[in-house]
$ cat data.txt   # compact mmCIF, N, CA and C atoms
# COMPACT_ATOMS: atom_id res chain seq x y z
N MET A 1 35.80 13.44 -51.65
CA MET A 1 34.81 12.52 -52.09
C MET A 1 34.39 11.63 -50.92
N MET A 2 33.02 11.39 -50.79
CA MET A 2 32.50 10.58 -49.69
C MET A 2 32.59 9.10 -50.04
N LYS A 3 32.93 8.34 -49.04
CA LYS A 3 32.93 6.90 -49.21
C LYS A 3 31.51 6.37 -48.99
N LYS A 4 31.26 5.21 -49.52
CA LYS A 4 29.95 4.59 -49.37
C LYS A 4 29.67 4.28 -47.90
N SER A 5 30.66 3.89 -47.14
CA SER A 5 30.48 3.55 -45.72
C SER A 5 30.11 4.79 -44.91
N ASP A 6 30.57 5.98 -45.32
CA ASP A 6 30.20 7.21 -44.62
C ASP A 6 28.70 7.49 -44.77
N GLY A 7 28.13 7.20 -45.91
CA GLY A 7 26.69 7.39 -46.13
C GLY A 7 25.86 6.44 -45.29
N ILE A 8 26.32 5.21 -45.15
CA ILE A 8 25.62 4.22 -44.33
C ILE A 8 25.66 4.63 -42.86
N ARG A 9 26.82 5.12 -42.42
CA ARG A 9 26.95 5.57 -41.02
C ARG A 9 26.05 6.77 -40.74
N ALA A 10 25.88 7.63 -41.70
CA ALA A 10 25.03 8.80 -41.53
C ALA A 10 23.56 8.40 -41.49
N ALA A 11 23.19 7.37 -42.23
CA ALA A 11 21.80 6.93 -42.29
C ALA A 11 21.43 6.01 -41.13
N ALA A 12 22.40 5.42 -40.45
CA ALA A 12 22.14 4.47 -39.37
C ALA A 12 21.28 5.06 -38.25
N PRO A 13 21.55 6.28 -37.76
CA PRO A 13 20.69 6.82 -36.70
C PRO A 13 19.25 7.04 -37.15
N VAL A 14 19.06 7.42 -38.41
CA VAL A 14 17.71 7.61 -38.94
C VAL A 14 16.97 6.28 -39.00
N ILE A 15 17.64 5.27 -39.51
CA ILE A 15 17.05 3.93 -39.62
C ILE A 15 16.73 3.39 -38.23
N LEU A 16 17.65 3.55 -37.31
CA LEU A 16 17.43 3.10 -35.93
C LEU A 16 16.23 3.81 -35.31
N GLY A 17 16.12 5.10 -35.57
CA GLY A 17 14.98 5.87 -35.06
C GLY A 17 13.66 5.37 -35.62
N VAL A 18 13.63 5.08 -36.92
CA VAL A 18 12.41 4.58 -37.55
C VAL A 18 12.04 3.21 -36.99
N VAL A 19 13.02 2.35 -36.81
CA VAL A 19 12.76 1.01 -36.26
C VAL A 19 12.25 1.12 -34.82
N LEU A 20 12.85 1.95 -34.01
CA LEU A 20 12.39 2.13 -32.63
C LEU A 20 10.98 2.72 -32.59
N PHE A 21 10.69 3.67 -33.46
CA PHE A 21 9.36 4.26 -33.52
C PHE A 21 8.32 3.19 -33.90
N ALA A 22 8.64 2.36 -34.89
CA ALA A 22 7.73 1.30 -35.31
C ALA A 22 7.51 0.30 -34.17
N ALA A 23 8.57 -0.03 -33.45
CA ALA A 23 8.44 -0.95 -32.32
C ALA A 23 7.55 -0.36 -31.23
N MET A 24 7.68 0.93 -30.98
CA MET A 24 6.85 1.59 -29.97
C MET A 24 5.38 1.61 -30.39
N VAL A 25 5.11 1.81 -31.67
CA VAL A 25 3.74 1.80 -32.17
C VAL A 25 3.13 0.41 -32.00
N VAL A 26 3.87 -0.63 -32.34
CA VAL A 26 3.39 -2.01 -32.17
C VAL A 26 3.14 -2.29 -30.70
N TRP A 27 4.05 -1.88 -29.83
CA TRP A 27 3.90 -2.08 -28.38
C TRP A 27 2.65 -1.36 -27.87
N LEU A 28 2.41 -0.13 -28.33
CA LEU A 28 1.25 0.65 -27.91
C LEU A 28 -0.05 -0.03 -28.35
N ILE A 29 -0.10 -0.53 -29.55
CA ILE A 29 -1.30 -1.22 -30.04
C ILE A 29 -1.57 -2.48 -29.22
N ALA A 30 -0.52 -3.23 -28.91
CA ALA A 30 -0.67 -4.43 -28.09
C ALA A 30 -1.15 -4.07 -26.68
N ALA A 31 -0.62 -3.00 -26.11
CA ALA A 31 -1.02 -2.58 -24.76
C ALA A 31 -2.48 -2.16 -24.73
N VAL A 32 -2.94 -1.45 -25.74
CA VAL A 32 -4.35 -1.04 -25.80
C VAL A 32 -5.25 -2.27 -25.91
N GLY A 33 -4.85 -3.23 -26.71
CA GLY A 33 -5.63 -4.47 -26.84
C GLY A 33 -5.71 -5.22 -25.53
N ASN A 34 -4.61 -5.30 -24.79
CA ASN A 34 -4.60 -5.98 -23.49
C ASN A 34 -5.46 -5.23 -22.48
N ALA A 35 -5.41 -3.91 -22.51
CA ALA A 35 -6.22 -3.11 -21.58
C ALA A 35 -7.70 -3.31 -21.86
N SER A 36 -8.06 -3.41 -23.12
CA SER A 36 -9.45 -3.63 -23.49
C SER A 36 -9.93 -4.98 -22.98
N ALA A 37 -9.11 -6.01 -23.12
CA ALA A 37 -9.47 -7.34 -22.63
C ALA A 37 -9.61 -7.34 -21.12
N ALA A 38 -8.71 -6.65 -20.42
CA ALA A 38 -8.79 -6.57 -18.97
C ALA A 38 -10.05 -5.84 -18.55
N THR A 39 -10.42 -4.79 -19.25
CA THR A 39 -11.63 -4.03 -18.93
C THR A 39 -12.86 -4.91 -19.10
N ASP A 40 -12.91 -5.72 -20.15
CA ASP A 40 -14.05 -6.62 -20.35
C ASP A 40 -14.16 -7.62 -19.21
N GLU A 41 -13.05 -8.15 -18.77
CA GLU A 41 -13.06 -9.10 -17.65
C GLU A 41 -13.50 -8.42 -16.36
N GLU A 42 -13.06 -7.18 -16.15
CA GLU A 42 -13.48 -6.44 -14.96
C GLU A 42 -14.98 -6.17 -14.98
N ARG A 43 -15.53 -5.82 -16.12
CA ARG A 43 -16.97 -5.58 -16.23
C ARG A 43 -17.75 -6.86 -15.96
N LEU A 44 -17.27 -7.97 -16.47
CA LEU A 44 -17.90 -9.26 -16.22
C LEU A 44 -17.92 -9.55 -14.73
N GLU A 45 -16.81 -9.31 -14.07
CA GLU A 45 -16.72 -9.53 -12.62
C GLU A 45 -17.62 -8.55 -11.86
N GLN A 46 -17.75 -7.32 -12.33
CA GLN A 46 -18.62 -6.35 -11.67
C GLN A 46 -20.08 -6.78 -11.75
N VAL A 47 -20.50 -7.33 -12.88
CA VAL A 47 -21.87 -7.82 -13.01
C VAL A 47 -22.10 -8.96 -12.02
N ARG A 48 -21.17 -9.90 -11.98
CA ARG A 48 -21.29 -11.03 -11.06
C ARG A 48 -21.34 -10.55 -9.61
N GLN A 49 -20.46 -9.61 -9.28
CA GLN A 49 -20.42 -9.09 -7.91
C GLN A 49 -21.69 -8.32 -7.56
N SER A 50 -22.26 -7.62 -8.53
CA SER A 50 -23.51 -6.89 -8.30
C SER A 50 -24.64 -7.86 -7.95
N VAL A 51 -24.71 -8.98 -8.67
CA VAL A 51 -25.73 -9.99 -8.38
C VAL A 51 -25.48 -10.60 -7.01
N GLU A 52 -24.23 -10.92 -6.70
CA GLU A 52 -23.88 -11.50 -5.40
C GLU A 52 -24.23 -10.54 -4.25
N ASN A 53 -23.95 -9.25 -4.44
CA ASN A 53 -24.29 -8.27 -3.41
C ASN A 53 -25.80 -8.17 -3.23
N GLY A 54 -26.55 -8.22 -4.32
CA GLY A 54 -28.01 -8.20 -4.24
C GLY A 54 -28.55 -9.41 -3.50
N ILE A 55 -27.96 -10.57 -3.73
CA ILE A 55 -28.36 -11.80 -3.03
C ILE A 55 -28.14 -11.63 -1.53
N THR A 56 -26.99 -11.12 -1.16
CA THR A 56 -26.67 -10.93 0.26
C THR A 56 -27.62 -9.92 0.90
N LEU A 57 -27.87 -8.81 0.22
CA LEU A 57 -28.76 -7.79 0.74
C LEU A 57 -30.18 -8.34 0.90
N CYS A 58 -30.66 -9.07 -0.07
CA CYS A 58 -31.98 -9.67 0.00
C CYS A 58 -32.09 -10.61 1.20
N TYR A 59 -31.08 -11.44 1.39
CA TYR A 59 -31.10 -12.37 2.52
C TYR A 59 -31.09 -11.63 3.85
N ALA A 60 -30.33 -10.54 3.91
CA ALA A 60 -30.26 -9.76 5.15
C ALA A 60 -31.60 -9.09 5.45
N VAL A 61 -32.28 -8.61 4.42
CA VAL A 61 -33.55 -7.89 4.61
C VAL A 61 -34.72 -8.85 4.80
N GLU A 62 -34.80 -9.87 3.96
CA GLU A 62 -35.97 -10.73 3.93
C GLU A 62 -35.80 -12.04 4.70
N GLY A 63 -34.57 -12.42 4.99
CA GLY A 63 -34.33 -13.67 5.70
C GLY A 63 -34.38 -14.90 4.81
N ALA A 64 -34.42 -14.70 3.51
CA ALA A 64 -34.42 -15.81 2.56
C ALA A 64 -33.75 -15.34 1.27
N TYR A 65 -33.18 -16.28 0.56
CA TYR A 65 -32.57 -15.95 -0.72
C TYR A 65 -33.67 -15.80 -1.78
N PRO A 66 -33.49 -14.90 -2.74
CA PRO A 66 -34.52 -14.72 -3.77
C PRO A 66 -34.59 -15.94 -4.69
N GLU A 67 -35.82 -16.30 -5.05
CA GLU A 67 -36.02 -17.46 -5.92
C GLU A 67 -35.59 -17.18 -7.36
N LYS A 68 -35.78 -15.92 -7.79
CA LYS A 68 -35.48 -15.56 -9.18
C LYS A 68 -34.63 -14.30 -9.25
N LEU A 69 -33.89 -14.19 -10.32
CA LEU A 69 -33.05 -13.03 -10.56
C LEU A 69 -33.88 -11.76 -10.70
N ASP A 70 -35.09 -11.89 -11.23
CA ASP A 70 -35.98 -10.74 -11.41
C ASP A 70 -36.25 -10.03 -10.08
N HIS A 71 -36.32 -10.78 -9.00
CA HIS A 71 -36.56 -10.18 -7.69
C HIS A 71 -35.44 -9.20 -7.32
N LEU A 72 -34.23 -9.55 -7.68
CA LEU A 72 -33.08 -8.67 -7.38
C LEU A 72 -33.11 -7.42 -8.26
N THR A 73 -33.47 -7.58 -9.52
CA THR A 73 -33.48 -6.42 -10.41
C THR A 73 -34.64 -5.48 -10.10
N GLU A 74 -35.75 -6.02 -9.64
CA GLU A 74 -36.92 -5.19 -9.32
C GLU A 74 -36.84 -4.52 -7.95
N ASN A 75 -36.23 -5.18 -6.98
CA ASN A 75 -36.29 -4.69 -5.60
C ASN A 75 -34.96 -4.26 -4.98
N TYR A 76 -33.85 -4.66 -5.57
CA TYR A 76 -32.56 -4.39 -4.93
C TYR A 76 -31.56 -3.65 -5.82
N GLY A 77 -32.02 -3.09 -6.90
CA GLY A 77 -31.17 -2.22 -7.71
C GLY A 77 -30.11 -2.92 -8.53
N VAL A 78 -30.23 -4.23 -8.72
CA VAL A 78 -29.27 -4.94 -9.55
C VAL A 78 -29.61 -4.65 -11.01
N VAL A 79 -28.63 -4.14 -11.74
CA VAL A 79 -28.83 -3.79 -13.15
C VAL A 79 -27.91 -4.66 -14.00
N ILE A 80 -28.51 -5.29 -15.00
CA ILE A 80 -27.76 -6.18 -15.89
C ILE A 80 -28.05 -5.78 -17.32
N ASN A 81 -27.00 -5.55 -18.09
CA ASN A 81 -27.15 -5.28 -19.52
C ASN A 81 -27.31 -6.63 -20.21
N GLU A 82 -28.56 -6.99 -20.50
CA GLU A 82 -28.85 -8.32 -21.04
C GLU A 82 -28.39 -8.49 -22.48
N GLU A 83 -28.06 -7.39 -23.14
CA GLU A 83 -27.51 -7.50 -24.48
C GLU A 83 -26.05 -7.94 -24.45
N LYS A 84 -25.37 -7.63 -23.35
CA LYS A 84 -23.94 -7.95 -23.24
C LYS A 84 -23.67 -9.18 -22.38
N TYR A 85 -24.53 -9.45 -21.38
CA TYR A 85 -24.25 -10.51 -20.43
C TYR A 85 -25.43 -11.46 -20.27
N LEU A 86 -25.12 -12.72 -20.12
CA LEU A 86 -26.10 -13.74 -19.81
C LEU A 86 -25.83 -14.18 -18.38
N VAL A 87 -26.84 -14.09 -17.52
CA VAL A 87 -26.68 -14.47 -16.12
C VAL A 87 -27.50 -15.74 -15.88
N HIS A 88 -26.80 -16.78 -15.46
CA HIS A 88 -27.46 -18.02 -15.07
C HIS A 88 -27.61 -17.99 -13.55
N TYR A 89 -28.85 -18.00 -13.10
CA TYR A 89 -29.17 -17.88 -11.68
C TYR A 89 -29.92 -19.14 -11.27
N GLU A 90 -29.37 -19.90 -10.35
CA GLU A 90 -29.98 -21.15 -9.94
C GLU A 90 -30.18 -21.15 -8.43
N CYS A 91 -31.44 -21.20 -8.03
CA CYS A 91 -31.79 -21.20 -6.62
C CYS A 91 -32.35 -22.58 -6.26
N PHE A 92 -31.74 -23.23 -5.30
CA PHE A 92 -32.15 -24.57 -4.88
C PHE A 92 -33.23 -24.49 -3.81
N ALA A 93 -33.01 -23.64 -2.81
CA ALA A 93 -33.97 -23.47 -1.71
C ALA A 93 -33.77 -22.09 -1.11
N ALA A 94 -34.76 -21.63 -0.34
CA ALA A 94 -34.72 -20.28 0.22
C ALA A 94 -33.59 -20.11 1.24
N ASN A 95 -33.10 -21.23 1.81
CA ASN A 95 -32.04 -21.13 2.81
C ASN A 95 -30.67 -21.56 2.28
N VAL A 96 -30.57 -21.79 0.98
CA VAL A 96 -29.30 -22.17 0.35
C VAL A 96 -28.94 -21.08 -0.66
N ARG A 97 -27.71 -20.56 -0.54
CA ARG A 97 -27.29 -19.47 -1.42
C ARG A 97 -27.34 -19.89 -2.88
N PRO A 98 -27.97 -19.09 -3.73
CA PRO A 98 -28.06 -19.42 -5.16
C PRO A 98 -26.69 -19.42 -5.84
N THR A 99 -26.62 -20.14 -6.93
CA THR A 99 -25.42 -20.20 -7.75
C THR A 99 -25.59 -19.19 -8.88
N VAL A 100 -24.56 -18.38 -9.09
CA VAL A 100 -24.61 -17.35 -10.13
C VAL A 100 -23.44 -17.54 -11.08
N THR A 101 -23.75 -17.55 -12.38
CA THR A 101 -22.73 -17.61 -13.41
C THR A 101 -23.02 -16.49 -14.41
N VAL A 102 -22.02 -15.70 -14.71
CA VAL A 102 -22.18 -14.61 -15.68
C VAL A 102 -21.30 -14.90 -16.87
N ILE A 103 -21.89 -14.82 -18.06
CA ILE A 103 -21.18 -15.09 -19.31
C ILE A 103 -21.36 -13.89 -20.23
N ARG A 104 -20.30 -13.48 -20.88
CA ARG A 104 -20.37 -12.39 -21.85
C ARG A 104 -20.94 -12.94 -23.16
N ARG A 105 -21.94 -12.24 -23.68
CA ARG A 105 -22.53 -12.63 -24.97
C ARG A 105 -21.62 -12.14 -26.09
N ASP A 106 -21.47 -12.94 -27.12
CA ASP A 106 -20.72 -12.52 -28.30
C ASP A 106 -21.68 -11.85 -29.26
N ASN A 107 -21.31 -10.67 -29.73
CA ASN A 107 -22.19 -9.94 -30.65
C ASN A 107 -21.82 -10.25 -32.08
$ encode --input "data.txt" --output "structure tokens"
Amino acid sequence: MMKKSDGIRAAAPVILGVVLFAAMVVWLIAAVGNASAATDEERLEQVRQSVENGITLCYAVEGAYPEKLDHLTENYGVVINEEKYLVHYECFAANVRPTVTVIRRDN
């Protein structure tokens, strides 16, 4: 005849396996969420860097900073997804580097 403690000992590895599997699933979901957030931040930085590179290229070619962001998108290949990002572009003078701020739009 089996004792009750023998049944618990036999079930312990199964229970431990289920708990470890559940922990791994939770860890995986958290990791995917963190990766998604990191990707969004990288895309935001890429948009900002694209505008900054366009500003530098424009200054090198024309000898002056562009007055408007449209000049960069029309002439220097800067592409901005306006549905996802808001770019604040402030130009003080042709010889002073413009200030660029990129903000992710909430949908």
$ atom_distance --input "data.txt" --atom1 "atom CA of A:Val51" --atom2 "atom CA of A:Val87"
9.0 Å
$ atom_distance --input "data.txt" --atom1 "atom N of A:Leu72" --atom2 "atom N of A:Asn95"
15.1 Å
$ atom_distance --input "data.txt" --atom1 "atom CA of A:Asp70" --atom2 "atom CA of A:Thr99"
14.6 Å
$ select_by_dssp --input "data.txt" --residues "chain A" --states "alpha helix (DSSP H)" --output "short mmCIF file (atom, residue, chain, number, x, y, z; two decimals) with N, CA and C atoms, in the coordinates of the input"
data_model
loop_
_atom_site.label_atom_id
_atom_site.label_comp_id
_atom_site.auth_asym_id
_atom_site.auth_seq_id
_atom_site.Cartn_x
_atom_site.Cartn_y
_atom_site.Cartn_z
N LYS A 4 31.26 5.21 -49.52
CA LYS A 4 29.95 4.59 -49.37
C LYS A 4 29.67 4.28 -47.90
N SER A 5 30.66 3.89 -47.14
CA SER A 5 30.48 3.55 -45.72
C SER A 5 30.11 4.79 -44.91
N ASP A 6 30.57 5.98 -45.32
CA ASP A 6 30.20 7.21 -44.62
C ASP A 6 28.70 7.49 -44.77
N GLY A 7 28.13 7.20 -45.91
CA GLY A 7 26.69 7.39 -46.13
C GLY A 7 25.86 6.44 -45.29
N ILE A 8 26.32 5.21 -45.15
CA ILE A 8 25.62 4.22 -44.33
C ILE A 8 25.66 4.63 -42.86
N ARG A 9 26.82 5.12 -42.42
CA ARG A 9 26.95 5.57 -41.02
C ARG A 9 26.05 6.77 -40.74
N ALA A 10 25.88 7.63 -41.70
CA ALA A 10 25.03 8.80 -41.53
C ALA A 10 23.56 8.40 -41.49
N ALA A 11 23.19 7.37 -42.23
CA ALA A 11 21.80 6.93 -42.29
C ALA A 11 21.43 6.01 -41.13
N ALA A 12 22.40 5.42 -40.45
CA ALA A 12 22.14 4.47 -39.37
C ALA A 12 21.28 5.06 -38.25
N PRO A 13 21.55 6.28 -37.76
CA PRO A 13 20.69 6.82 -36.70
C PRO A 13 19.25 7.04 -37.15
N VAL A 14 19.06 7.42 -38.41
CA VAL A 14 17.71 7.61 -38.94
C VAL A 14 16.97 6.28 -39.00
N ILE A 15 17.64 5.27 -39.51
CA ILE A 15 17.05 3.93 -39.62
C ILE A 15 16.73 3.39 -38.23
N LEU A 16 17.65 3.55 -37.31
CA LEU A 16 17.43 3.10 -35.93
C LEU A 16 16.23 3.81 -35.31
N GLY A 17 16.12 5.10 -35.57
CA GLY A 17 14.98 5.87 -35.06
C GLY A 17 13.66 5.37 -35.62
N VAL A 18 13.63 5.08 -36.92
CA VAL A 18 12.41 4.58 -37.55
C VAL A 18 12.04 3.21 -36.99
N VAL A 19 13.02 2.35 -36.81
CA VAL A 19 12.76 1.01 -36.26
C VAL A 19 12.25 1.12 -34.82
N LEU A 20 12.85 1.95 -34.01
CA LEU A 20 12.39 2.13 -32.63
C LEU A 20 10.98 2.72 -32.59
N PHE A 21 10.69 3.67 -33.46
CA PHE A 21 9.36 4.26 -33.52
C PHE A 21 8.32 3.19 -33.90
N ALA A 22 8.64 2.36 -34.89
CA ALA A 22 7.73 1.30 -35.31
C ALA A 22 7.51 0.30 -34.17
N ALA A 23 8.57 -0.03 -33.45
CA ALA A 23 8.44 -0.95 -32.32
C ALA A 23 7.55 -0.36 -31.23
N MET A 24 7.68 0.93 -30.98
CA MET A 24 6.85 1.59 -29.97
C MET A 24 5.38 1.61 -30.39
N VAL A 25 5.11 1.81 -31.67
CA VAL A 25 3.74 1.80 -32.17
C VAL A 25 3.13 0.41 -32.00
N VAL A 26 3.87 -0.63 -32.34
CA VAL A 26 3.39 -2.01 -32.17
C VAL A 26 3.14 -2.29 -30.70
N TRP A 27 4.05 -1.88 -29.83
CA TRP A 27 3.90 -2.08 -28.38
C TRP A 27 2.65 -1.36 -27.87
N LEU A 28 2.41 -0.13 -28.33
CA LEU A 28 1.25 0.65 -27.91
C LEU A 28 -0.05 -0.03 -28.35
N ILE A 29 -0.10 -0.53 -29.55
CA ILE A 29 -1.30 -1.22 -30.04
C ILE A 29 -1.57 -2.48 -29.22
N ALA A 30 -0.52 -3.23 -28.91
CA ALA A 30 -0.67 -4.43 -28.09
C ALA A 30 -1.15 -4.07 -26.68
N ALA A 31 -0.62 -3.00 -26.11
CA ALA A 31 -1.02 -2.58 -24.76
C ALA A 31 -2.48 -2.16 -24.73
N VAL A 32 -2.94 -1.45 -25.74
CA VAL A 32 -4.35 -1.04 -25.80
C VAL A 32 -5.25 -2.27 -25.91
N GLY A 33 -4.85 -3.23 -26.71
CA GLY A 33 -5.63 -4.47 -26.84
C GLY A 33 -5.71 -5.22 -25.53
N ASN A 34 -4.61 -5.30 -24.79
CA ASN A 34 -4.60 -5.98 -23.49
C ASN A 34 -5.46 -5.23 -22.48
N ALA A 35 -5.41 -3.91 -22.51
CA ALA A 35 -6.22 -3.11 -21.58
C ALA A 35 -7.70 -3.31 -21.86
N SER A 36 -8.06 -3.41 -23.12
CA SER A 36 -9.45 -3.63 -23.49
C SER A 36 -9.93 -4.98 -22.98
N ALA A 37 -9.11 -6.01 -23.12
CA ALA A 37 -9.47 -7.34 -22.63
C ALA A 37 -9.61 -7.34 -21.12
N ALA A 38 -8.71 -6.65 -20.42
CA ALA A 38 -8.79 -6.57 -18.97
C ALA A 38 -10.05 -5.84 -18.55
N THR A 39 -10.42 -4.79 -19.25
CA THR A 39 -11.63 -4.03 -18.93
C THR A 39 -12.86 -4.91 -19.10
N ASP A 40 -12.91 -5.72 -20.15
CA ASP A 40 -14.05 -6.62 -20.35
C ASP A 40 -14.16 -7.62 -19.21
N GLU A 41 -13.05 -8.15 -18.77
CA GLU A 41 -13.06 -9.10 -17.65
C GLU A 41 -13.50 -8.42 -16.36
N GLU A 42 -13.06 -7.18 -16.15
CA GLU A 42 -13.48 -6.44 -14.96
C GLU A 42 -14.98 -6.17 -14.98
N ARG A 43 -15.53 -5.82 -16.12
CA ARG A 43 -16.97 -5.58 -16.23
C ARG A 43 -17.75 -6.86 -15.96
N LEU A 44 -17.27 -7.97 -16.47
CA LEU A 44 -17.90 -9.26 -16.22
C LEU A 44 -17.92 -9.55 -14.73
N GLU A 45 -16.81 -9.31 -14.07
CA GLU A 45 -16.72 -9.53 -12.62
C GLU A 45 -17.62 -8.55 -11.86
N GLN A 46 -17.75 -7.32 -12.33
CA GLN A 46 -18.62 -6.35 -11.67
C GLN A 46 -20.08 -6.78 -11.75
N VAL A 47 -20.50 -7.33 -12.88
CA VAL A 47 -21.87 -7.82 -13.01
C VAL A 47 -22.10 -8.96 -12.02
N ARG A 48 -21.17 -9.90 -11.98
CA ARG A 48 -21.29 -11.03 -11.06
C ARG A 48 -21.34 -10.55 -9.61
N GLN A 49 -20.46 -9.61 -9.28
CA GLN A 49 -20.42 -9.09 -7.91
C GLN A 49 -21.69 -8.32 -7.56
N SER A 50 -22.26 -7.62 -8.53
CA SER A 50 -23.51 -6.89 -8.30
C SER A 50 -24.64 -7.86 -7.95
N VAL A 51 -24.71 -8.98 -8.67
CA VAL A 51 -25.73 -9.99 -8.38
C VAL A 51 -25.48 -10.60 -7.01
N GLU A 52 -24.23 -10.92 -6.70
CA GLU A 52 -23.88 -11.50 -5.40
C GLU A 52 -24.23 -10.54 -4.25
N ASN A 53 -23.95 -9.25 -4.44
CA ASN A 53 -24.29 -8.27 -3.41
C ASN A 53 -25.80 -8.17 -3.23
N GLY A 54 -26.55 -8.22 -4.32
CA GLY A 54 -28.01 -8.20 -4.24
C GLY A 54 -28.55 -9.41 -3.50
N ILE A 55 -27.96 -10.57 -3.73
CA ILE A 55 -28.36 -11.80 -3.03
C ILE A 55 -28.14 -11.63 -1.53
N THR A 56 -26.99 -11.12 -1.16
CA THR A 56 -26.67 -10.93 0.26
C THR A 56 -27.62 -9.92 0.90
N LEU A 57 -27.87 -8.81 0.22
CA LEU A 57 -28.76 -7.79 0.74
C LEU A 57 -30.18 -8.34 0.90
N CYS A 58 -30.66 -9.07 -0.07
CA CYS A 58 -31.98 -9.67 0.00
C CYS A 58 -32.09 -10.61 1.20
N TYR A 59 -31.08 -11.44 1.39
CA TYR A 59 -31.10 -12.37 2.52
C TYR A 59 -31.09 -11.63 3.85
N ALA A 60 -30.33 -10.54 3.91
CA ALA A 60 -30.26 -9.76 5.15
C ALA A 60 -31.60 -9.09 5.45
N VAL A 61 -32.28 -8.61 4.42
CA VAL A 61 -33.55 -7.89 4.61
C VAL A 61 -34.72 -8.85 4.80
N GLU A 62 -34.80 -9.87 3.96
CA GLU A 62 -35.97 -10.73 3.93
C GLU A 62 -35.80 -12.04 4.70
N LEU A 69 -33.89 -14.19 -10.32
CA LEU A 69 -33.05 -13.03 -10.56
C LEU A 69 -33.88 -11.76 -10.70
N ASP A 70 -35.09 -11.89 -11.23
CA ASP A 70 -35.98 -10.74 -11.41
C ASP A 70 -36.25 -10.03 -10.08
N HIS A 71 -36.32 -10.78 -9.00
CA HIS A 71 -36.56 -10.18 -7.69
C HIS A 71 -35.44 -9.20 -7.32
N LEU A 72 -34.23 -9.55 -7.68
CA LEU A 72 -33.08 -8.67 -7.38
C LEU A 72 -33.11 -7.42 -8.26
N THR A 73 -33.47 -7.58 -9.52
CA THR A 73 -33.48 -6.42 -10.41
C THR A 73 -34.64 -5.48 -10.10
N GLU A 74 -35.75 -6.02 -9.64
CA GLU A 74 -36.92 -5.19 -9.32
C GLU A 74 -36.84 -4.52 -7.95
N ASN A 75 -36.23 -5.18 -6.98
CA ASN A 75 -36.29 -4.69 -5.60
C ASN A 75 -34.96 -4.26 -4.98
#
$ select_by_dssp --input "data.txt" --residues "stretch 52-97 of chain A" --states "strand (DSSP E or B)" --output "PDB file with N, CA and C atoms, in the frame of the given file"
ATOM      1  N   TYR A  85     -24.530  -9.450 -21.380  1.00  0.00           N
ATOM      2  CA  TYR A  85     -24.250 -10.510 -20.430  1.00  0.00           C
ATOM      3  C   TYR A  85     -25.430 -11.460 -20.270  1.00  0.00           C
ATOM      4  N   LEU A  86     -25.120 -12.720 -20.120  1.00  0.00           N
ATOM      5  CA  LEU A  86     -26.100 -13.740 -19.810  1.00  0.00           C
ATOM      6  C   LEU A  86     -25.830 -14.180 -18.380  1.00  0.00           C
ATOM      7  N   VAL A  87     -26.840 -14.090 -17.520  1.00  0.00           N
ATOM      8  CA  VAL A  87     -26.680 -14.470 -16.120  1.00  0.00           C
ATOM      9  C   VAL A  87     -27.500 -15.740 -15.880  1.00  0.00           C
ATOM     10  N   HIS A  88     -26.800 -16.780 -15.460  1.00  0.00           N
ATOM     11  CA  HIS A  88     -27.460 -18.020 -15.070  1.00  0.00           C
ATOM     12  C   HIS A  88     -27.610 -17.990 -13.550  1.00  0.00           C
ATOM     13  N   TYR A  89     -28.850 -18.000 -13.100  1.00  0.00           N
ATOM     14  CA  TYR A  89     -29.170 -17.880 -11.680  1.00  0.00           C
ATOM     15  C   TYR A  89     -29.920 -19.140 -11.270  1.00  0.00           C
ATOM     16  N   GLU A  90     -29.370 -19.900 -10.350  1.00  0.00           N
ATOM     17  CA  GLU A  90     -29.980 -21.150  -9.940  1.00  0.00           C
ATOM     18  C   GLU A  90     -30.180 -21.150  -8.430  1.00  0.00           C
ATOM     19  N   ALA A  93     -33.010 -23.640  -2.810  1.00  0.00           N
ATOM     20  CA  ALA A  93     -33.970 -23.470  -1.710  1.00  0.00           C
ATOM     21  C   ALA A  93     -33.770 -22.090  -1.110  1.00  0.00           C
ATOM     22  N   VAL A  96     -30.570 -21.790   0.980  1.00  0.00           N
ATOM     23  CA  VAL A  96     -29.300 -22.170   0.350  1.00  0.00           C
ATOM     24  C   VAL A  96     -28.940 -21.080  -0.660  1.00  0.00           C
TER      25      VAL A  96
END
$ closest_residue --input "data.txt" --among "A:Arg104, A:Thr73, A:Ala30, A:Ala64" --to "A:Tyr85" --atoms "all atoms listed in the file"
A:Arg104
$ residues_around --input "data.txt" --residues "A:Leu57" --least-positions-apart "4" --cutoff "8 Å" --atoms "only C-alpha atoms" --output "list in words"
Asn53, Val61 and Tyr76 of chain A
$ closest_residue --input "data.txt" --among "A:Leu86, A:Ala93, A:Val25, A:Val78" --to "A:Ser50" --atoms "all atoms listed in the file"
A:Val78
$ closest_residue --input "data.txt" --among "A:Ala23, A:Ala10, A:Cys58, A:Val100" --to "A:Glu74" --atoms "only C-alpha atoms"
A:Cys58
